[in-house]
Amino acid sequence: MAVTELPPVAQVWDWLAEVPDPEIPVISVVDLGIIRDVAHEGDTLVVRVTPTYSGCPATAVITFEIEAKLREKGVAALRIDRQLSPPWTTDWLSAEGREKLRAYGIAPPVDGTATGAPVAGRIARLGGQPQAIACPHCGASDTRRVSQFGSTPCKAAYQCNACLEPFDYFKCI
Amino acid sequence: MPSLPDMMTKLDPSGAAGGSASAAPAPADALFEALLRLGDSTLILGHRVSEWCGHAPVLEEDIALANTALDLIGQTQLWLGLAAEVEGAGRSADDLAYLRDAWDFRNLLLVERPNGDFGATLMRQFLFDAWHQPMLKGLEGSSDPRVAEIAAKAGREVAYHLDRSADLVIRLGDGTDESHRRMQAALDDLWPYTGEMLTPDATDAAMAEAGVMPDLTAIARDWHALVGDVLAQATLARPDGSYMHKGGKQGTHTEHLGYILAEMQFLQRAYPGAEW
């Protein structure tokens, strides 16, 4: 009882799955794909976290929330490292996280469109309909982009042409 | 009070202050300078764009401008954080942003230009993004892994900036008579500030030689190709003047930078070490 036991890594992942994203609380930091590694270095638990957008104001809050959760679970020696590379991509959003987003009214990112798109291709698409994003409310694919930027750095503003509801799209990066 | 030349000669040309000189393939002072050019340009543009917050013509554009500014400030933290590390003088990214004076800034003159109207702001953004995007692409292949990973991170964000600014330049250029007139005026006004980012000086050449940064002459080719294509779609005439302003990369700025710093740095200057 007096002996401090290091929690198993799998246990730590379960705890982290209880830490909500501060901006989109229906998904956890694990769903978001920003926890890159959990490991013990000697007696210290090291959690490696990657930022979503480099200027996302939620990053500092996320680090604080992770620390608060792990302290609450009794972790004494803890280090949270920032890992930049490889850069976060929406491809790392879990399948479960995508369903939670949809149920919450945010259209999840369309698979396989993240990153790498050469700019010439992006420019050539200008004026055309870039991508069919299904409305999270009624499921219709007849939607339009209102603005490429939305209420947080990770979202774009869309509107459904069928049910007319506005909605957020979790844009690909 | 020291004279101006005294204030401007504090950089040690030997780079002896840098503790990481052996880790970086290039002399630490050239790398420090090059990182300031990147970080100061994103900082000053980020600040300029943030001035629009609450003033944009429509809500969606207000949000888009604020998000763009946020990305640029986030990238600044990474670039200036690395610059401070390379300098090895105990300064932080915040110290570099808030406690240097205008002659220590290495941002491009283009990014300190006043916002003007919405069209001028978007034209400035496009001319910058069209350089920023291929620049970051090149930096992703840097021989310095610290530079490469920041570039990889920032590049994904900047692809969105370019997508949007190119789109709006086309829509406003090829829009109404009034929007076309304003976009052409903005282009004519900003064009003489575009040479600096495409023309290498000794620091740029040293960085390219060391494989830390891409060759600016290659970036210039990409820039001219993309800008030419977008301006053609926007029905805007490329200015033919060849005179180009320079000096921002070496610390000689227009009168506008001082006003930006006065606003941006006021709090840290008036209340040193203030935190909240």
# chains A, B, ... in the order shown; residues from 1 in each chain; ligands from 1

call {"tool": "closest_atom_pairs", "arguments": {"of": "chain B", "to": "chain A", "cutoff": "10 Å", "atoms": "only C-alpha atoms", "output": "tab-separated table"}}
result
residue	atom	partner	partner_atom	distance
B:Leu59	CA	A:Ser147	CA	9.6
B:Glu60	CA	A:Ser147	CA	5.9
B:Glu61	CA	A:Ser147	CA	7.5
B:Asp62	CA	A:Phe149	CA	9.5
B:Ile63	CA	A:Gly150	CA	6.4
B:Ala64	CA	A:Phe149	CA	4.9
B:Leu65	CA	A:Phe149	CA	8.6
B:Ala66	CA	A:Phe149	CA	9.1
B:Asn67	CA	A:Pro153	CA	5.9
B:Thr68	CA	A:Pro153	CA	8.5
B:Ala69	CA	A:Gly55	CA	8.8
B:Leu70	CA	A:Gly55	CA	5.3
B:Asp71	CA	A:Gly55	CA	4.9
B:Leu72	CA	A:Gly55	CA	7.3
B:Ile73	CA	A:Gly55	CA	6.2
B:Gly74	CA	A:Gly55	CA	3.5
B:Gln75	CA	A:Ser54	CA	5.9
B:Thr76	CA	A:Gly55	CA	8.8
B:Gln77	CA	A:Gly55	CA	8.2
B:Leu78	CA	A:Ser54	CA	8.0
B:Ala130	CA	A:Val119	CA	9.6
B:Gln133	CA	A:Val119	CA	8.4
B:Pro134	CA	A:Val119	CA	9.2
B:Pro145	CA	A:Ser85	CA	9.5
B:Arg146	CA	A:Leu84	CA	9.3
B:Ala148	CA	A:Ser85	CA	8.9
B:Glu149	CA	A:Ser85	CA	5.5
B:Ile150	CA	A:Leu84	CA	7.1
B:Ala151	CA	A:Pro87	CA	9.6
B:Ala152	CA	A:Pro87	CA	6.6
B:Lys153	CA	A:Pro87	CA	5.2
B:Ala154	CA	A:Ser54	CA	7.1
B:Gly155	CA	A:Thr115	CA	9.2
B:Arg156	CA	A:Ile173	CA	6.0
B:Glu157	CA	A:Ile173	CA	7.4
B:Ala159	CA	A:Val119	CA	6.9
B:Tyr160	CA	A:Gln148	CA	8.0
B:His161	CA	A:Gln148	CA	9.3
B:Leu162	CA	A:Val119	CA	8.1
B:Asp163	CA	A:Ile123	CA	6.5
B:Arg164	CA	A:Gln148	CA	7.3
B:Ala166	CA	A:Ile123	CA	7.4
B:Asp167	CA	A:Leu126	CA	6.3
B:Leu168	CA	A:Leu126	CA	9.8
B:Ile170	CA	A:Leu126	CA	9.2
B:Arg171	CA	A:Gly127	CA	9.0
B:Leu226	CA	A:Ala120	CA	8.0
B:Asp229	CA	A:Ile123	CA	9.5
B:Val230	CA	A:Ile123	CA	8.4

call {"tool": "write_last_selection", "arguments": {"atoms": "C-alpha atoms", "output": "PDB file, in the first residue's frame"}}
result
ATOM      1  CA  LEU B  59     -19.242  37.960 -40.080  1.00  0.00           C
ATOM      2  CA  GLU B  60     -17.769  35.006 -41.996  1.00  0.00           C
ATOM      3  CA  GLU B  61     -14.881  37.121 -43.245  1.00  0.00           C
ATOM      4  CA  ASP B  62     -14.308  38.512 -39.774  1.00  0.00           C
ATOM      5  CA  ILE B  63     -13.954  34.957 -38.482  1.00  0.00           C
ATOM      6  CA  ALA B  64     -11.745  33.974 -41.414  1.00  0.00           C
ATOM      7  CA  LEU B  65      -9.398  36.912 -40.801  1.00  0.00           C
ATOM      8  CA  ALA B  66      -9.212  36.168 -37.071  1.00  0.00           C
ATOM      9  CA  ASN B  67      -8.452  32.507 -37.769  1.00  0.00           C
ATOM     10  CA  THR B  68      -5.749  33.419 -40.268  1.00  0.00           C
ATOM     11  CA  ALA B  69      -4.190  35.797 -37.745  1.00  0.00           C
ATOM     12  CA  LEU B  70      -4.323  33.071 -35.114  1.00  0.00           C
ATOM     13  CA  ASP B  71      -2.515  30.591 -37.373  1.00  0.00           C
ATOM     14  CA  LEU B  72       0.185  33.166 -38.097  1.00  0.00           C
ATOM     15  CA  ILE B  73       0.688  34.019 -34.420  1.00  0.00           C
ATOM     16  CA  GLY B  74       0.857  30.298 -33.602  1.00  0.00           C
ATOM     17  CA  GLN B  75       3.526  29.825 -36.253  1.00  0.00           C
ATOM     18  CA  THR B  76       5.354  32.821 -34.799  1.00  0.00           C
ATOM     19  CA  GLN B  77       5.596  31.077 -31.432  1.00  0.00           C
ATOM     20  CA  LEU B  78       7.285  28.138 -33.147  1.00  0.00           C
ATOM     21  CA  ALA B 130       1.912  32.747 -52.708  1.00  0.00           C
ATOM     22  CA  GLN B 133       3.327  28.234 -49.259  1.00  0.00           C
ATOM     23  CA  PRO B 134       6.238  27.224 -51.568  1.00  0.00           C
ATOM     24  CA  PRO B 145      15.038  18.824 -38.508  1.00  0.00           C
ATOM     25  CA  ARG B 146      13.758  21.528 -36.145  1.00  0.00           C
ATOM     26  CA  ALA B 148      11.568  20.959 -41.131  1.00  0.00           C
ATOM     27  CA  GLU B 149       9.015  19.999 -38.481  1.00  0.00           C
ATOM     28  CA  ILE B 150       7.784  23.565 -37.964  1.00  0.00           C
ATOM     29  CA  ALA B 151       7.446  23.982 -41.730  1.00  0.00           C
ATOM     30  CA  ALA B 152       5.476  20.737 -42.036  1.00  0.00           C
ATOM     31  CA  LYS B 153       3.094  21.921 -39.330  1.00  0.00           C
ATOM     32  CA  ALA B 154       2.659  25.440 -40.703  1.00  0.00           C
ATOM     33  CA  GLY B 155       2.396  24.301 -44.327  1.00  0.00           C
ATOM     34  CA  ARG B 156      -0.950  22.610 -43.757  1.00  0.00           C
ATOM     35  CA  GLU B 157      -2.417  25.792 -42.334  1.00  0.00           C
ATOM     36  CA  ALA B 159      -2.420  25.869 -47.799  1.00  0.00           C
ATOM     37  CA  TYR B 160      -5.824  27.024 -46.498  1.00  0.00           C
ATOM     38  CA  HIS B 161      -4.726  30.657 -46.373  1.00  0.00           C
ATOM     39  CA  LEU B 162      -3.595  30.543 -49.993  1.00  0.00           C
ATOM     40  CA  ASP B 163      -6.744  28.745 -51.077  1.00  0.00           C
ATOM     41  CA  ARG B 164      -8.871  31.499 -49.557  1.00  0.00           C
ATOM     42  CA  ALA B 166      -6.420  33.368 -54.156  1.00  0.00           C
ATOM     43  CA  ASP B 167     -10.147  32.675 -54.312  1.00  0.00           C
ATOM     44  CA  LEU B 168     -11.057  36.140 -53.046  1.00  0.00           C
ATOM     45  CA  ILE B 170     -10.161  36.221 -58.259  1.00  0.00           C
ATOM     46  CA  ARG B 171     -13.708  36.949 -57.105  1.00  0.00           C
ATOM     47  CA  LEU B 226       1.054  31.165 -59.362  1.00  0.00           C
ATOM     48  CA  ASP B 229      -2.178  32.556 -63.128  1.00  0.00           C
ATOM     49  CA  VAL B 230      -4.362  34.030 -60.376  1.00  0.00           C
TER      50      VAL B 230
END

call {"tool": "residues_around", "arguments": {"residues": "range 102-107 of chain B", "least_positions_apart": "4", "cutoff": "12 Å", "atoms": "only C-alpha atoms", "output": "ChimeraX atom specification"}}
result
/B:4-11,32-46,76,80,96-98,111-113,128,193,196-197,203,246-262,264-265

call {"tool": "select_by_dssp", "arguments": {"residues": "chain A", "states": "alpha helix (DSSP H)", "output": "number ranges by chain"}}
result
A: 9-16, 58-72, 95-104, 119-125

call {"tool": "write_last_selection", "arguments": {"atoms": "C-alpha atoms", "output": "JSON list (two decimals), in the first residue's frame"}}
result
[["chain", "number", "residue", "atom", "x", "y", "z"],
["A", 9, "VAL", "CA", 0.00, 2.34, -19.95],
["A", 10, "ALA", "CA", -3.35, 0.92, -21.10],
["A", 11, "GLN", "CA", -4.91, 2.28, -17.92],
["A", 12, "VAL", "CA", -3.50, 5.74, -18.65],
["A", 13, "TRP", "CA", -5.00, 5.65, -22.15],
["A", 14, "ASP", "CA", -8.39, 4.87, -20.56],
["A", 15, "TRP", "CA", -8.00, 7.84, -18.24],
["A", 16, "LEU", "CA", -7.05, 10.11, -21.10],
["A", 58, "ALA", "CA", -7.28, 25.24, -26.69],
["A", 59, "THR", "CA", -3.79, 23.68, -26.65],
["A", 60, "ALA", "CA", -2.83, 25.16, -23.28],
["A", 61, "VAL", "CA", -6.20, 24.19, -21.79],
["A", 62, "ILE", "CA", -5.82, 20.64, -23.10],
["A", 63, "THR", "CA", -2.41, 20.28, -21.43],
["A", 64, "PHE", "CA", -3.91, 21.58, -18.18],
["A", 65, "GLU", "CA", -6.88, 19.19, -18.38],
["A", 66, "ILE", "CA", -4.62, 16.20, -19.04],
["A", 67, "GLU", "CA", -2.48, 17.07, -16.06],
["A", 68, "ALA", "CA", -5.54, 17.60, -13.83],
["A", 69, "LYS", "CA", -7.00, 14.22, -14.83],
["A", 70, "LEU", "CA", -3.80, 12.28, -14.27],
["A", 71, "ARG", "CA", -3.12, 14.00, -10.93],
["A", 72, "GLU", "CA", -6.66, 13.12, -9.88],
["A", 95, "ALA", "CA", -13.99, 6.28, -36.08],
["A", 96, "GLU", "CA", -15.81, 6.63, -32.78],
["A", 97, "GLY", "CA", -14.86, 10.31, -32.62],
["A", 98, "ARG", "CA", -16.28, 10.89, -36.10],
["A", 99, "GLU", "CA", -19.63, 9.37, -35.11],
["A", 100, "LYS", "CA", -19.72, 11.49, -31.94],
["A", 101, "LEU", "CA", -19.06, 14.61, -34.03],
["A", 102, "ARG", "CA", -21.88, 13.79, -36.44],
["A", 103, "ALA", "CA", -24.31, 13.13, -33.59],
["A", 104, "TYR", "CA", -23.28, 16.48, -32.07],
["A", 119, "VAL", "CA", -1.86, 24.03, -54.42],
["A", 120, "ALA", "CA", -2.30, 23.97, -58.18],
["A", 121, "GLY", "CA", -5.03, 21.39, -57.60],
["A", 122, "ARG", "CA", -6.65, 23.50, -54.94],
["A", 123, "ILE", "CA", -6.58, 26.57, -57.16],
["A", 124, "ALA", "CA", -7.97, 24.63, -60.11],
["A", 125, "ARG", "CA", -10.89, 23.62, -57.93]]

call {"tool": "select_by_dssp", "arguments": {"residues": "chain A", "states": "strand (DSSP E or B)", "output": "compact mmCIF listing (two decimals) with C-alpha atoms, in the first residue's frame"}}
result
# COMPACT_ATOMS: atom_id res chain seq x y z
CA PRO A 20 -12.82 16.07 -23.23
CA SER A 28 -11.99 13.15 -26.04
CA ILE A 35 -2.11 11.87 -27.82
CA ARG A 36 0.91 10.50 -29.65
CA ASP A 37 2.51 8.37 -26.95
CA VAL A 38 2.21 7.31 -23.33
CA ALA A 39 5.26 5.78 -21.67
CA HIS A 40 7.17 5.52 -18.43
CA GLU A 41 10.64 6.98 -18.20
CA THR A 44 7.96 9.51 -14.58
CA LEU A 45 4.90 9.13 -16.75
CA VAL A 46 5.50 10.91 -20.08
CA VAL A 47 2.55 11.88 -22.27
CA ARG A 48 3.36 13.23 -25.71
CA VAL A 49 0.75 15.61 -27.13
CA LEU A 78 4.30 13.45 -14.75
CA ARG A 79 5.73 15.18 -17.79
CA ILE A 80 3.71 16.40 -20.77
CA ASP A 81 5.84 16.90 -23.88
CA ARG A 82 4.86 18.75 -27.02
CA ILE A 106 -20.57 18.70 -36.72
CA ALA A 107 -19.86 17.05 -40.07
CA THR A 143 -24.66 21.43 -49.03
CA ARG A 144 -22.60 24.56 -49.62
CA ARG A 145 -19.59 26.12 -47.99
CA VAL A 146 -20.37 29.47 -46.39
CA SER A 147 -16.84 30.13 -45.17
CA LYS A 155 -13.87 24.06 -38.49
CA ALA A 156 -15.44 25.56 -41.61
CA ALA A 157 -18.97 26.99 -41.88
CA TYR A 158 -21.46 25.14 -44.13
CA GLN A 159 -25.16 25.27 -44.86
CA CYS A 160 -27.48 22.50 -46.01
CA PRO A 166 -26.23 25.85 -40.94
CA PHE A 167 -23.59 23.48 -39.59
CA ASP A 168 -19.89 23.21 -38.81
CA TYR A 169 -17.61 21.01 -40.89
CA PHE A 170 -14.48 19.65 -39.22

call {"tool": "atom_distance", "arguments": {"atom1": "CA of Asp101 in chain B", "atom2": "CA of Tyr271 in chain B"}}
result
16.6 Å
